[in-house]
file my_file04.cif (mmCIF, C-alpha atoms and all ligand atoms)
data_input
loop_
_atom_site.label_atom_id
_atom_site.label_comp_id
_atom_site.auth_asym_id
_atom_site.auth_seq_id
_atom_site.Cartn_x
_atom_site.Cartn_y
_atom_site.Cartn_z
CA MET A 1 96.25 137.23 83.14
CA PRO A 2 93.08 137.80 81.18
CA LYS A 3 94.32 135.61 78.35
CA PHE A 4 94.31 132.63 80.58
CA TYR A 5 90.59 132.79 81.09
CA HIS A 6 89.97 131.94 77.45
CA PHE A 7 90.83 128.42 78.40
CA LEU A 8 88.27 128.18 81.11
CA ALA A 9 85.08 127.88 79.14
CA PRO A 10 85.92 124.54 77.54
CA LEU A 11 87.14 123.26 80.85
CA ALA A 12 83.67 123.25 82.26
CA LEU A 13 82.86 120.47 79.81
CA ILE A 14 85.78 118.34 80.84
CA SER A 15 85.36 115.90 83.62
CA ALA A 16 88.30 115.46 85.89
CA ALA A 17 89.17 113.63 89.01
CA GLY A 18 87.75 114.79 92.24
CA ALA A 19 89.86 116.99 94.39
CA LEU A 20 88.64 117.73 97.82
CA ALA A 21 89.54 120.34 100.30
CA SER A 22 89.05 120.05 103.98
CA VAL A 23 89.94 122.51 106.59
CA ALA A 24 92.55 120.91 108.76
CA ASN A 25 92.40 123.51 111.43
CA SER A 26 91.53 127.12 111.82
CA ALA A 27 93.96 129.65 113.06
CA GLU A 28 93.41 132.94 114.77
CA LEU A 29 92.18 136.04 113.09
CA THR A 30 95.21 137.97 112.05
CA ASN A 31 95.69 141.45 110.80
CA ARG A 32 99.31 142.37 111.14
CA ALA A 33 99.16 145.54 109.16
CA SER A 34 96.76 147.41 111.32
CA GLU A 35 96.68 147.60 115.06
CA VAL A 36 93.58 149.74 114.79
CA GLU A 37 90.21 148.07 114.60
CA PRO A 38 89.10 146.95 111.17
CA GLU A 39 87.03 149.69 109.77
CA LEU A 40 84.68 149.06 106.89
CA LEU A 41 80.99 149.28 107.66
CA PRO A 42 80.76 148.34 111.29
CA VAL A 43 77.13 148.10 112.23
CA ALA A 44 76.06 151.22 114.04
CA VAL A 45 75.92 149.95 117.57
CA ALA A 46 78.85 151.82 119.07
CA ARG A 47 76.94 155.07 118.97
CA PRO A 48 73.23 154.42 118.86
CA VAL A 49 72.65 157.93 117.69
CA ASP A 50 74.56 157.21 114.48
CA VAL A 51 73.26 155.29 111.50
CA THR A 52 75.40 153.77 108.78
CA PHE A 53 74.33 153.84 105.15
CA THR A 54 75.97 152.20 102.19
CA ASP A 55 75.70 152.83 98.50
CA THR A 56 77.59 151.78 95.41
CA LEU A 57 78.89 153.85 92.57
CA HIS A 58 76.64 153.33 89.56
CA ALA A 59 78.00 152.85 86.05
CA GLY A 60 78.84 156.19 84.52
CA GLU A 61 78.30 158.03 87.79
CA THR A 62 80.82 160.39 89.34
CA LEU A 63 81.60 160.34 93.01
CA SER A 64 80.15 163.86 93.32
CA GLU A 65 76.85 162.54 92.04
CA LEU A 66 76.89 159.76 94.58
CA LEU A 67 77.75 162.18 97.36
CA ALA A 68 74.81 164.33 96.35
CA ARG A 69 72.57 161.39 97.29
CA THR A 70 74.02 161.38 100.81
CA ASP A 71 72.66 164.83 101.73
CA LEU A 72 76.22 165.95 102.42
CA GLU A 73 76.40 169.73 102.15
CA ALA A 74 78.06 170.89 98.93
CA ASP A 75 81.06 172.57 100.56
CA ALA A 76 81.64 169.58 102.82
CA ALA A 77 81.49 167.32 99.76
CA THR A 78 84.10 169.44 98.02
CA ALA A 79 86.36 169.28 101.06
CA LEU A 80 85.86 165.52 101.27
CA LEU A 81 86.86 165.03 97.63
CA ARG A 82 89.96 167.14 98.25
CA GLU A 83 90.98 164.91 101.16
CA LEU A 84 90.14 161.76 99.16
CA ARG A 85 92.49 162.89 96.39
CA GLU A 86 95.35 162.74 98.88
CA PHE A 87 94.87 158.97 98.80
CA GLN A 88 93.31 158.14 95.45
CA ASP A 89 92.12 159.74 92.25
CA PRO A 90 88.31 159.64 92.65
CA ARG A 91 87.98 158.84 88.96
CA ARG A 92 89.75 155.57 89.60
CA LEU A 93 86.90 154.37 91.81
CA GLN A 94 85.02 152.03 89.51
CA SER A 95 81.35 151.41 89.25
CA GLY A 96 80.30 149.03 91.97
CA ALA A 97 82.71 150.61 94.44
CA VAL A 98 81.17 150.52 97.89
CA VAL A 99 80.84 153.77 99.80
CA ALA A 100 79.58 153.85 103.37
CA TRP A 101 78.80 156.86 105.49
CA ARG A 102 77.76 157.40 109.05
CA LYS A 103 75.27 160.02 109.99
CA SER A 104 74.41 161.45 113.37
CA LEU A 105 70.71 161.33 114.05
CA ASP A 106 71.09 164.22 116.51
CA SER A 107 72.66 166.73 114.20
CA GLY A 108 71.92 165.18 110.82
CA LEU A 109 75.60 165.59 110.05
CA ILE A 110 77.63 162.98 108.21
CA ARG A 111 80.53 162.21 110.50
CA ARG A 112 82.41 159.70 108.49
CA VAL A 113 82.70 158.26 104.96
CA ASP A 114 84.44 154.99 104.04
CA PHE A 115 85.63 153.96 100.59
CA ARG A 116 86.76 150.51 99.57
CA LEU A 117 89.91 151.36 97.61
CA ASP A 118 90.69 147.81 96.49
CA ALA A 119 90.19 144.29 97.70
CA ASP A 120 92.58 144.83 100.60
CA HIS A 121 92.27 148.48 101.56
CA THR A 122 89.64 150.82 102.93
CA LEU A 123 89.92 154.59 103.19
CA ASN A 124 88.19 156.12 106.21
CA LEU A 125 87.46 159.82 106.17
CA LEU A 126 86.54 161.25 109.56
CA ARG A 127 84.98 164.62 109.94
CA ASP A 128 86.11 167.03 112.61
CA PRO A 129 85.56 170.75 113.07
CA ASP A 130 88.45 171.52 110.71
CA GLY A 131 87.29 169.28 107.89
CA TRP A 132 88.10 165.70 106.92
CA SER A 133 91.04 163.55 107.81
CA GLY A 134 91.69 160.31 105.97
CA SER A 135 93.46 157.12 106.86
CA VAL A 136 93.89 153.84 104.99
CA HIS A 137 93.17 150.53 106.68
CA GLU A 138 93.79 147.02 105.56
CA VAL A 139 90.73 144.78 105.56
CA GLU A 140 90.61 142.15 108.23
CA VAL A 141 91.72 138.76 106.96
CA THR A 142 91.61 135.27 108.35
CA LEU A 143 94.32 132.68 108.12
CA ASP A 144 93.43 129.04 107.85
CA THR A 145 95.14 125.84 106.88
CA VAL A 146 93.74 123.56 104.22
CA VAL A 147 94.50 120.19 102.71
CA VAL A 148 93.63 119.57 99.08
CA SER A 149 93.98 116.06 97.78
CA GLY A 150 92.98 114.29 94.63
CA VAL A 151 93.65 111.93 91.81
CA VAL A 152 94.76 113.03 88.39
CA SER A 153 92.67 111.97 85.42
CA SER A 154 94.20 114.17 82.76
CA SER A 155 96.27 116.99 84.14
CA LEU A 156 97.19 118.57 87.43
CA TYR A 157 95.37 121.61 86.22
CA ASN A 158 92.12 119.76 85.68
CA ALA A 159 92.42 117.78 88.87
CA LEU A 160 93.00 120.86 90.98
CA VAL A 161 90.99 123.47 89.20
CA SER A 162 87.98 121.83 87.65
CA ASP A 163 86.37 120.74 90.89
CA ARG A 164 84.64 123.90 92.00
CA SER A 165 82.75 122.28 94.82
CA ALA A 166 85.70 122.03 97.11
CA GLY A 167 85.45 125.22 99.07
CA SER A 168 88.27 127.17 97.55
CA THR A 169 88.08 129.73 94.81
CA LEU A 170 89.30 129.16 91.28
CA GLU A 171 91.89 131.89 91.72
CA GLU A 172 93.21 130.16 94.81
CA ARG A 173 93.56 126.88 92.94
CA ASN A 174 95.29 128.57 90.04
CA ARG A 175 97.84 129.94 92.46
CA LEU A 176 98.27 126.51 93.94
CA VAL A 177 98.93 125.02 90.50
CA ASP A 178 101.46 127.76 89.75
CA GLN A 179 103.31 127.24 93.01
CA LEU A 180 103.46 123.49 92.67
CA ALA A 181 104.51 123.44 89.02
CA ASP A 182 106.70 126.50 88.61
CA ARG A 183 108.21 126.75 92.04
CA ILE A 184 108.09 123.78 94.38
CA PHE A 185 108.49 120.88 91.93
CA ALA A 186 109.94 122.91 89.03
CA TRP A 187 113.15 120.85 89.15
CA GLN A 188 111.51 117.44 89.61
CA ILE A 189 108.32 117.30 87.60
CA ASP A 190 107.29 118.51 84.16
CA PHE A 191 103.59 118.60 84.91
CA SER A 192 102.70 118.94 81.23
CA ARG A 193 104.31 115.60 80.38
CA ASP A 194 104.95 113.45 83.43
CA LEU A 195 101.46 112.96 84.85
CA ARG A 196 99.49 109.78 84.29
CA SER A 197 95.91 108.94 85.04
CA GLY A 198 95.70 107.73 88.61
CA ASP A 199 98.58 109.81 89.91
CA GLN A 200 97.77 111.22 93.33
CA PHE A 201 98.58 114.33 95.21
CA ARG A 202 97.83 116.14 98.42
CA VAL A 203 98.86 119.57 99.49
CA LEU A 204 98.82 121.33 102.85
CA TYR A 205 98.70 125.07 102.57
CA GLU A 206 97.84 128.20 104.46
CA ARG A 207 95.60 130.78 102.90
CA VAL A 208 94.83 134.35 103.75
CA VAL A 209 91.14 134.97 103.14
CA ARG A 210 89.37 138.29 102.87
CA PRO A 211 85.92 138.95 104.34
CA ASP A 212 84.37 138.51 100.88
CA GLY A 213 85.76 134.97 100.64
CA THR A 214 88.45 135.71 98.08
CA THR A 215 92.00 134.62 98.79
CA ARG A 216 94.71 137.17 99.16
CA ASP A 217 97.58 134.76 99.36
CA ILE A 218 98.46 131.11 99.71
CA HIS A 219 101.53 129.47 101.13
CA VAL A 220 102.27 125.79 100.56
CA LEU A 221 103.60 124.09 103.70
CA GLY A 222 103.82 120.54 102.43
CA ALA A 223 103.08 118.65 99.23
CA GLN A 224 103.16 114.97 98.42
CA MET A 225 102.67 113.43 95.00
CA ASN A 226 102.85 109.96 93.59
CA ILE A 227 103.53 110.21 89.89
CA ASN A 228 103.92 107.17 87.73
CA ARG A 229 104.63 105.23 90.95
CA ARG A 230 107.36 107.60 92.02
CA ASP A 231 107.12 109.56 95.26
CA PHE A 232 107.73 113.28 95.40
CA GLU A 233 107.47 115.38 98.51
CA ALA A 234 108.24 118.93 99.52
CA TYR A 235 108.16 120.70 102.86
CA ALA A 236 108.67 124.39 103.44
CA PHE A 237 111.33 125.50 105.86
CA THR A 238 113.19 128.68 106.67
CA ALA A 239 116.58 128.19 108.29
CA GLY A 240 117.27 131.28 110.34
CA SER A 241 117.68 134.31 108.13
CA GLU A 242 117.79 132.27 104.92
CA LYS A 243 114.99 132.50 102.39
CA GLU A 244 112.31 129.88 102.70
CA ASP A 245 112.90 126.82 100.57
CA TYR A 246 111.46 123.36 100.02
CA PHE A 247 113.08 120.11 101.11
CA ASN A 248 112.29 116.43 101.23
CA ARG A 249 111.75 114.84 104.63
CA GLU A 250 115.44 114.06 104.91
CA GLY A 251 116.21 117.76 104.57
CA ASP A 252 117.66 117.62 101.05
CA SER A 253 117.00 120.62 98.83
CA LEU A 254 114.71 120.11 95.84
CA ARG A 255 116.76 122.50 93.74
CA ARG A 256 118.58 121.07 90.74
CA ALA A 257 120.91 122.41 88.09
CA PHE A 258 118.08 122.29 85.53
CA LEU A 259 114.43 123.21 85.54
CA ARG A 260 112.30 120.47 84.03
CA ALA A 261 110.52 122.79 81.57
CA PRO A 262 111.44 126.08 79.93
CA LEU A 263 107.86 127.41 80.07
CA GLN A 264 105.47 128.19 82.89
CA TYR A 265 103.18 125.22 83.31
CA ARG A 266 99.92 127.07 82.84
CA ARG A 267 101.15 128.61 79.60
CA ILE A 268 101.57 125.19 78.03
CA SER A 269 98.47 124.35 76.05
CA SER A 270 98.47 120.70 77.04
CA ALA A 271 98.27 121.76 80.67
CA PHE A 272 94.60 122.34 79.98
CA SER A 273 93.78 119.61 77.53
CA ARG A 274 92.27 116.26 78.23
CA SER A 275 95.09 114.57 76.38
CA ARG A 276 97.46 113.11 78.88
CA PHE A 277 100.60 113.83 76.92
CA HIS A 278 101.96 116.79 75.11
CA PRO A 279 100.27 117.40 71.79
CA ILE A 280 101.97 115.76 68.86
CA LEU A 281 102.96 118.16 66.18
CA GLN A 282 103.56 116.47 62.86
CA THR A 283 107.22 116.43 61.98
CA ALA A 284 108.83 114.66 59.06
CA ARG A 285 112.32 114.40 60.44
CA PRO A 286 113.56 112.39 63.41
CA HIS A 287 112.62 114.18 66.54
CA ASN A 288 115.16 114.66 69.30
CA GLY A 289 113.24 117.03 71.48
CA ILE A 290 110.09 117.93 73.28
CA ASP A 291 107.42 120.08 71.68
CA TYR A 292 105.49 122.34 74.00
CA ALA A 293 102.40 123.84 72.40
CA ALA A 294 101.92 127.36 73.69
CA ALA A 295 100.65 130.66 72.39
CA THR A 296 102.93 132.88 70.35
CA GLY A 297 104.69 135.27 72.69
CA THR A 298 104.76 132.93 75.69
CA PRO A 299 107.97 133.62 77.66
CA VAL A 300 110.76 131.02 77.37
CA TYR A 301 113.23 130.64 80.24
CA ALA A 302 116.75 129.22 80.46
CA VAL A 303 116.49 125.90 82.31
CA GLY A 304 119.95 126.25 83.81
CA ASP A 305 122.92 128.55 84.28
CA GLY A 306 125.11 128.74 81.19
CA VAL A 307 126.43 130.76 78.31
CA ILE A 308 124.48 131.50 75.14
CA GLN A 309 126.31 129.73 72.33
CA ARG A 310 123.98 130.75 69.62
CA ALA A 311 121.10 133.16 69.20
CA GLY A 312 119.97 133.69 65.65
CA ASN A 313 118.50 132.07 62.58
CA GLY A 314 118.70 128.30 62.70
CA GLY A 315 117.19 127.37 59.32
CA SER A 316 114.32 124.94 59.81
CA PHE A 317 114.59 125.64 63.55
CA GLY A 318 113.72 129.26 62.87
CA ASN A 319 114.91 131.63 65.57
CA LEU A 320 117.14 129.43 67.68
CA ILE A 321 118.91 129.70 71.02
CA GLU A 322 121.51 127.25 72.24
CA ILE A 323 122.88 127.45 75.76
CA GLY A 324 126.05 125.67 76.85
CA HIS A 325 125.98 124.47 80.45
CA SER A 326 128.62 122.96 82.65
CA ARG A 327 129.74 119.34 82.22
CA GLY A 328 128.95 119.09 78.53
CA MET A 329 125.28 119.89 78.79
CA MET A 330 123.53 121.93 76.12
CA THR A 331 119.92 123.08 75.73
CA ARG A 332 118.26 124.21 72.49
CA TYR A 333 115.15 126.35 72.08
CA ALA A 334 113.69 126.56 68.56
CA HIS A 335 110.97 128.25 66.48
CA LEU A 336 111.11 131.33 68.70
CA ASN A 337 109.06 134.32 67.75
CA GLY A 338 111.87 136.51 69.02
CA PHE A 339 114.66 136.87 71.51
CA ALA A 340 114.52 138.56 74.88
CA LYS A 341 116.21 141.94 75.06
CA GLY A 342 119.99 141.73 75.04
CA ILE A 343 120.20 138.00 74.32
CA ARG A 344 123.20 137.25 72.10
CA ALA A 345 125.99 134.70 71.74
CA GLY A 346 128.62 134.85 74.48
CA MET A 347 126.27 136.14 77.11
CA ALA A 348 125.96 134.38 80.48
CA VAL A 349 122.47 133.47 81.67
CA LYS A 350 121.07 132.21 84.95
CA GLN A 351 118.49 129.53 85.53
CA GLY A 352 115.04 131.01 85.03
CA ASP A 353 116.23 134.00 82.97
CA LEU A 354 113.89 135.10 80.19
CA ILE A 355 115.61 134.33 76.88
CA GLY A 356 112.89 134.49 74.22
CA TYR A 357 109.30 133.97 73.20
CA VAL A 358 107.39 131.07 71.70
CA GLY A 359 106.68 131.36 68.00
CA MET A 360 106.49 129.33 64.79
CA THR A 361 109.50 130.50 62.82
CA GLY A 362 111.29 127.97 60.60
CA GLN A 363 109.52 124.70 59.87
CA ALA A 364 106.64 124.71 62.31
CA THR A 365 102.99 123.90 61.77
CA GLY A 366 101.84 125.98 64.73
CA PRO A 367 103.19 128.03 67.60
CA HIS A 368 105.23 125.81 69.89
CA LEU A 369 108.59 125.55 71.58
CA HIS A 370 110.88 122.80 70.35
CA PHE A 371 113.20 122.03 73.24
CA GLU A 372 116.24 119.74 73.21
CA PHE A 373 118.55 118.64 75.95
CA HIS A 374 121.99 117.31 75.05
CA ARG A 375 124.71 115.71 77.10
CA ALA A 376 128.13 115.23 75.52
CA GLY A 377 126.63 115.96 72.12
CA ARG A 378 123.77 113.45 72.32
CA PRO A 379 120.11 114.20 72.96
CA VAL A 380 118.90 113.00 76.36
CA ASP A 381 115.59 112.98 78.20
CA PRO A 382 115.79 115.86 80.69
CA GLY A 383 113.79 113.76 83.13
CA THR A 384 116.74 111.42 83.54
CA ILE A 385 119.19 114.06 84.72
CA GLU A 386 119.81 114.07 88.45
CA ASP A 387 121.95 116.93 89.48
CA THR A 388 121.56 118.41 92.94
CA ASN A 389 122.11 122.08 93.21
CA GLY A 390 120.72 123.35 96.51
CA ASP A 391 122.02 123.30 100.04
CA PRO A 392 120.46 120.84 102.48
CA ILE A 393 119.06 121.96 105.81
CA PRO A 394 121.96 123.25 107.90
CA ARG A 395 122.89 120.80 110.62
CA SER A 396 122.02 123.21 113.41
CA TYR A 397 118.44 123.34 112.12
CA THR A 398 117.93 119.64 111.55
CA ALA A 399 115.97 118.99 114.75
CA GLN A 400 113.70 121.96 114.18
CA PHE A 401 113.15 120.93 110.57
CA LEU A 402 112.29 117.32 111.43
CA GLU A 403 109.81 118.47 114.04
CA ARG A 404 108.13 120.81 111.57
CA VAL A 405 107.93 118.15 108.88
CA GLN A 406 106.28 115.77 111.34
CA GLU A 407 103.63 118.39 112.09
CA TYR A 408 102.95 118.81 108.39
CA ILE A 409 102.73 115.08 107.81
CA VAL A 410 100.33 114.71 110.74
CA SER A 411 98.12 117.44 109.29
CA LEU A 412 98.18 115.76 105.88
CA ASN A 413 97.36 112.39 107.40
CA ASP A 414 94.48 113.85 109.42
CA ALA A 415 92.83 115.16 106.30
CA SER A 416 93.55 112.61 103.62
CA ARG A 417 94.70 109.10 102.89
CA PRO A 418 98.46 108.86 102.27
CA VAL A 419 99.47 109.25 98.64
CA LEU A 420 103.15 108.38 98.85
CA ALA A 421 103.80 104.79 97.90
CA ALA A 422 106.39 104.62 100.61
CA ASP A 423 103.76 105.49 103.21
CA ALA A 424 100.81 103.69 101.80
CA ARG A 425 101.73 100.67 99.74
CA ALA A 426 99.20 98.53 101.55
CA THR A 427 96.23 100.81 101.10
CA ALA A 428 96.94 102.18 97.62
CA VAL A 429 95.00 99.35 96.02
CA MET A 430 91.88 100.34 97.87
CA SER A 431 91.79 103.73 96.19
CA GLY A 432 88.22 104.46 95.25
CA ALA A 433 89.26 107.18 92.86
CA SER A 434 87.61 107.06 89.49
CA ASP A 435 87.03 109.26 86.56
ZN ZN A 501 109.88 119.64 67.75
#

call {"tool": "encode", "arguments": {"input": "my_file04.cif", "output": "structure tokens"}}
result
Amino acid sequence: MPKFYHFLAPLALISAAGALASVANSAELTNRASEVEPELLPVAVARPVDVTFTDTLHAGETLSELLARTDLEADAATALLRELREFQDPRRLQSGAVVAWRKSLDSGLIRRVDFRLDADHTLNLLRDPDGWSGSVHEVEVTLDTVVVSGVVSSSLYNALVSDRSAGSTLEERNRLVDQLADRIFAWQIDFSRDLRSGDQFRVLYERVVRPDGTTRDIHVLGAQMNINRRDFEAYAFTAGSEKEDYFNREGDSLRRAFLRAPLQYRRISSAFSRSRFHPILQTARPHNGIDYAAATGTPVYAVGDGVIQRAGNGGSFGNLIEIGHSRGMMTRYAHLNGFAKGIRAGMAVKQGDLIGYVGMTGQATGPHLHFEFHRAGRPVDPGTIEDTNGDPIPRSYTAQFLERVQEYIVSLNDASRPVLAADARATAVMSGASD
């Protein structure tokens, strides 16, 4: 998402609440993909007669040119490139790519050459009397469990991402924001509009970290937020062969009939801004909806299952989509730049389906999505709709679920003060958080 990074420069100037990460516990080294030893650049102690060298591909340099520096004989280099091509086009190795080779001091022969193919994979080429044989290995990763907690001053994004001192990479925090906003709390919280200064959060998650410190993956185990004095919590659980889902501590699903926002949180401009609320776009007429400022072309998603009632020109609304939902609900998406492929009246859509793209058609002063939610013909605040839609924890898994949730809560409590009002009414006043 290169576009996203345009937003980062101004962020550095914005102060935000402190978020801190602490390692709750460290788990074992894991490397499920490869039973073989991890392979890149082991120090040459196994065979004292061998020495390992490393080099990097210079800008504008071909791999052949690099290999020429290794003293590898020309025909052996040709054979090596042939074997390499079985795994990757050598021209796709970019400048900076690390190449390591191991040379026998006895014979002067290069026995082995390793290429870092990408952040997660290494190609090892071993030399034998018949030539080279290659194999791909996954880099060794570590799994640890982390708690991040903090207080919101302007946005979840700023609170989680702007504090770089907290021991997790920016990319990792971006993923955390995405998971919280677009997945875990997508039905409960519109992070672009609901947050207030002083709101608190803490999140327990696992992360898979590469040797270079970058994060391959994160997995949220538990999250607690207090937003405008309301408690929200989510705990991951997989019941048997079901897909993993998130539940409150009673085991109720967090899924609802409607997503809180029709855009991904990080695509909403106000997600980044210091302003606490969505930006106000000047409108002359009475306003029955929510305006989300976002770049032209930002994907717009159906907030719930339904049938497209209208997809076409809506006058001052520009390109307009209306979706009819069950029980007299209707959602309206206006000023679209265009419609997603195949979208037309009469068509059934599912929650989360792509329906169109943000634009500024009709009467609009800038690119934004005008979104309305109607019940029985009257506009309503989508935040007021409570409509459960997911299955609770199956009874046969209740005990296992409750035990797991207790473990998560203990880990959260070990690393951070409680943030749920229900857990911490007495100590909330003592919060030292400031801005
Ligand atoms: Zn509007």

call {"tool": "atom_distance", "arguments": {"input": "my_file04.cif", "atom1": "atom CA of Ala295 of chain A", "atom2": "atom CA of Arg332 of chain A"}}
result
18.8 Å

call {"tool": "closest_atom_pairs", "arguments": {"input": "my_file04.cif", "of": "chain A", "to": "ligand ZN 501 (chain A)", "cutoff": "6 Å", "atoms": "only C-alpha atoms and all ligand atoms", "output": "CSV"}}
result
residue,atom,partner,partner_atom,distance
A:Gly289,CA,A:ZN501,ZN,5.7
A:Ile290,CA,A:ZN501,ZN,5.8
A:Asp291,CA,A:ZN501,ZN,4.7
A:His370,CA,A:ZN501,ZN,4.2

call {"tool": "write_last_selection", "arguments": {"input": "my_file04.cif", "atoms": "C-alpha atoms", "output": "PDB file, in the coordinates of the input"}}
result
ATOM      1  CA  GLY A 289     113.240 117.030  71.480  1.00  0.00           C
ATOM      2  CA  ILE A 290     110.090 117.930  73.280  1.00  0.00           C
ATOM      3  CA  ASP A 291     107.420 120.080  71.680  1.00  0.00           C
ATOM      4  CA  HIS A 370     110.880 122.800  70.350  1.00  0.00           C
TER       5      HIS A 370
END

call {"tool": "atom_distance", "arguments": {"input": "my_file04.cif", "atom1": "atom CA of Asn389 of chain A", "atom2": "atom CA of Asp252 of chain A"}}
result
10.1 Å

call {"tool": "atom_distance", "arguments": {"input": "my_file04.cif", "atom1": "atom CA of Tyr246 of chain A", "atom2": "atom CA of Tyr292 of chain A"}}
result
26.7 Å

call {"tool": "residues_around", "arguments": {"input": "my_file04.cif", "residues": "segment 304-317 of chain A", "least_positions_apart": "2", "cutoff": "6 Å", "atoms": "only C-alpha atoms", "output": "PDB file with C-alpha atoms, in the frame of the given file"}}
result
ATOM      1  CA  ALA A 257     120.910 122.410  88.090  1.00  0.00           C
ATOM      2  CA  PHE A 258     118.080 122.290  85.530  1.00  0.00           C
ATOM      3  CA  ALA A 302     116.750 129.220  80.460  1.00  0.00           C
ATOM      4  CA  ASN A 319     114.910 131.630  65.570  1.00  0.00           C
ATOM      5  CA  LEU A 320     117.140 129.430  67.680  1.00  0.00           C
ATOM      6  CA  ILE A 321     118.910 129.700  71.020  1.00  0.00           C
ATOM      7  CA  GLU A 322     121.510 127.250  72.240  1.00  0.00           C
ATOM      8  CA  ILE A 323     122.880 127.450  75.760  1.00  0.00           C
ATOM      9  CA  GLY A 324     126.050 125.670  76.850  1.00  0.00           C
ATOM     10  CA  HIS A 325     125.980 124.470  80.450  1.00  0.00           C
ATOM     11  CA  ALA A 334     113.690 126.560  68.560  1.00  0.00           C
ATOM     12  CA  HIS A 335     110.970 128.250  66.480  1.00  0.00           C
ATOM     13  CA  ARG A 344     123.200 137.250  72.100  1.00  0.00           C
ATOM     14  CA  ALA A 345     125.990 134.700  71.740  1.00  0.00           C
ATOM     15  CA  GLY A 346     128.620 134.850  74.480  1.00  0.00           C
ATOM     16  CA  MET A 347     126.270 136.140  77.110  1.00  0.00           C
ATOM     17  CA  ALA A 348     125.960 134.380  80.480  1.00  0.00           C
ATOM     18  CA  VAL A 349     122.470 133.470  81.670  1.00  0.00           C
ATOM     19  CA  LYS A 350     121.070 132.210  84.950  1.00  0.00           C
ATOM     20  CA  GLN A 351     118.490 129.530  85.530  1.00  0.00           C
ATOM     21  CA  GLY A 362     111.290 127.970  60.600  1.00  0.00           C
ATOM     22  CA  GLN A 363     109.520 124.700  59.870  1.00  0.00           C
TER      23      GLN A 363
END

call {"tool": "residues_around", "arguments": {"input": "my_file04.cif", "residues": "Val209 of chain A", "least_positions_apart": "6", "cutoff": "7 Å", "atoms": "all atoms listed in the file", "output": "list in words"}}
result
Val141, Thr142, Leu143, Thr215 and Arg216 of chain A

call {"tool": "residues_around", "arguments": {"input": "my_file04.cif", "residues": "Glu244 of chain A", "least_positions_apart": "4", "cutoff": "12 Å", "atoms": "all atoms listed in the file", "output": "PyMOL selection string"}}
result
chain A and resi 183-184+219-221+235-240+253+393+401

call {"tool": "closest_residue", "arguments": {"input": "my_file04.cif", "among": "A:Asp118, A:Gln179, A:Gly213, A:Gly198", "to": "Ala234 of chain A", "atoms": "all atoms listed in the file"}}
result
A:Gln179

call {"tool": "closest_residue", "arguments": {"input": "my_file04.cif", "among": "A:Leu204, A:Leu156, A:Ile409, A:Ala223", "to": "Tyr265 of chain A", "atoms": "all atoms listed in the file"}}
result
A:Leu156

call {"tool": "residues_around", "arguments": {"input": "my_file04.cif", "residues": "segment 134-139 of chain A", "least_positions_apart": "4", "cutoff": "6 Å", "atoms": "only C-alpha atoms", "output": "list in words"}}
result
Asp120, His121, Thr122, Leu123, Asn124 and Leu125 of chain A

call {"tool": "closest_residue", "arguments": {"input": "my_file04.cif", "among": "A:Gly222, A:Pro262, A:Gly96, A:Gly131", "to": "Leu412 of chain A", "atoms": "all atoms listed in the file"}}
result
A:Gly222
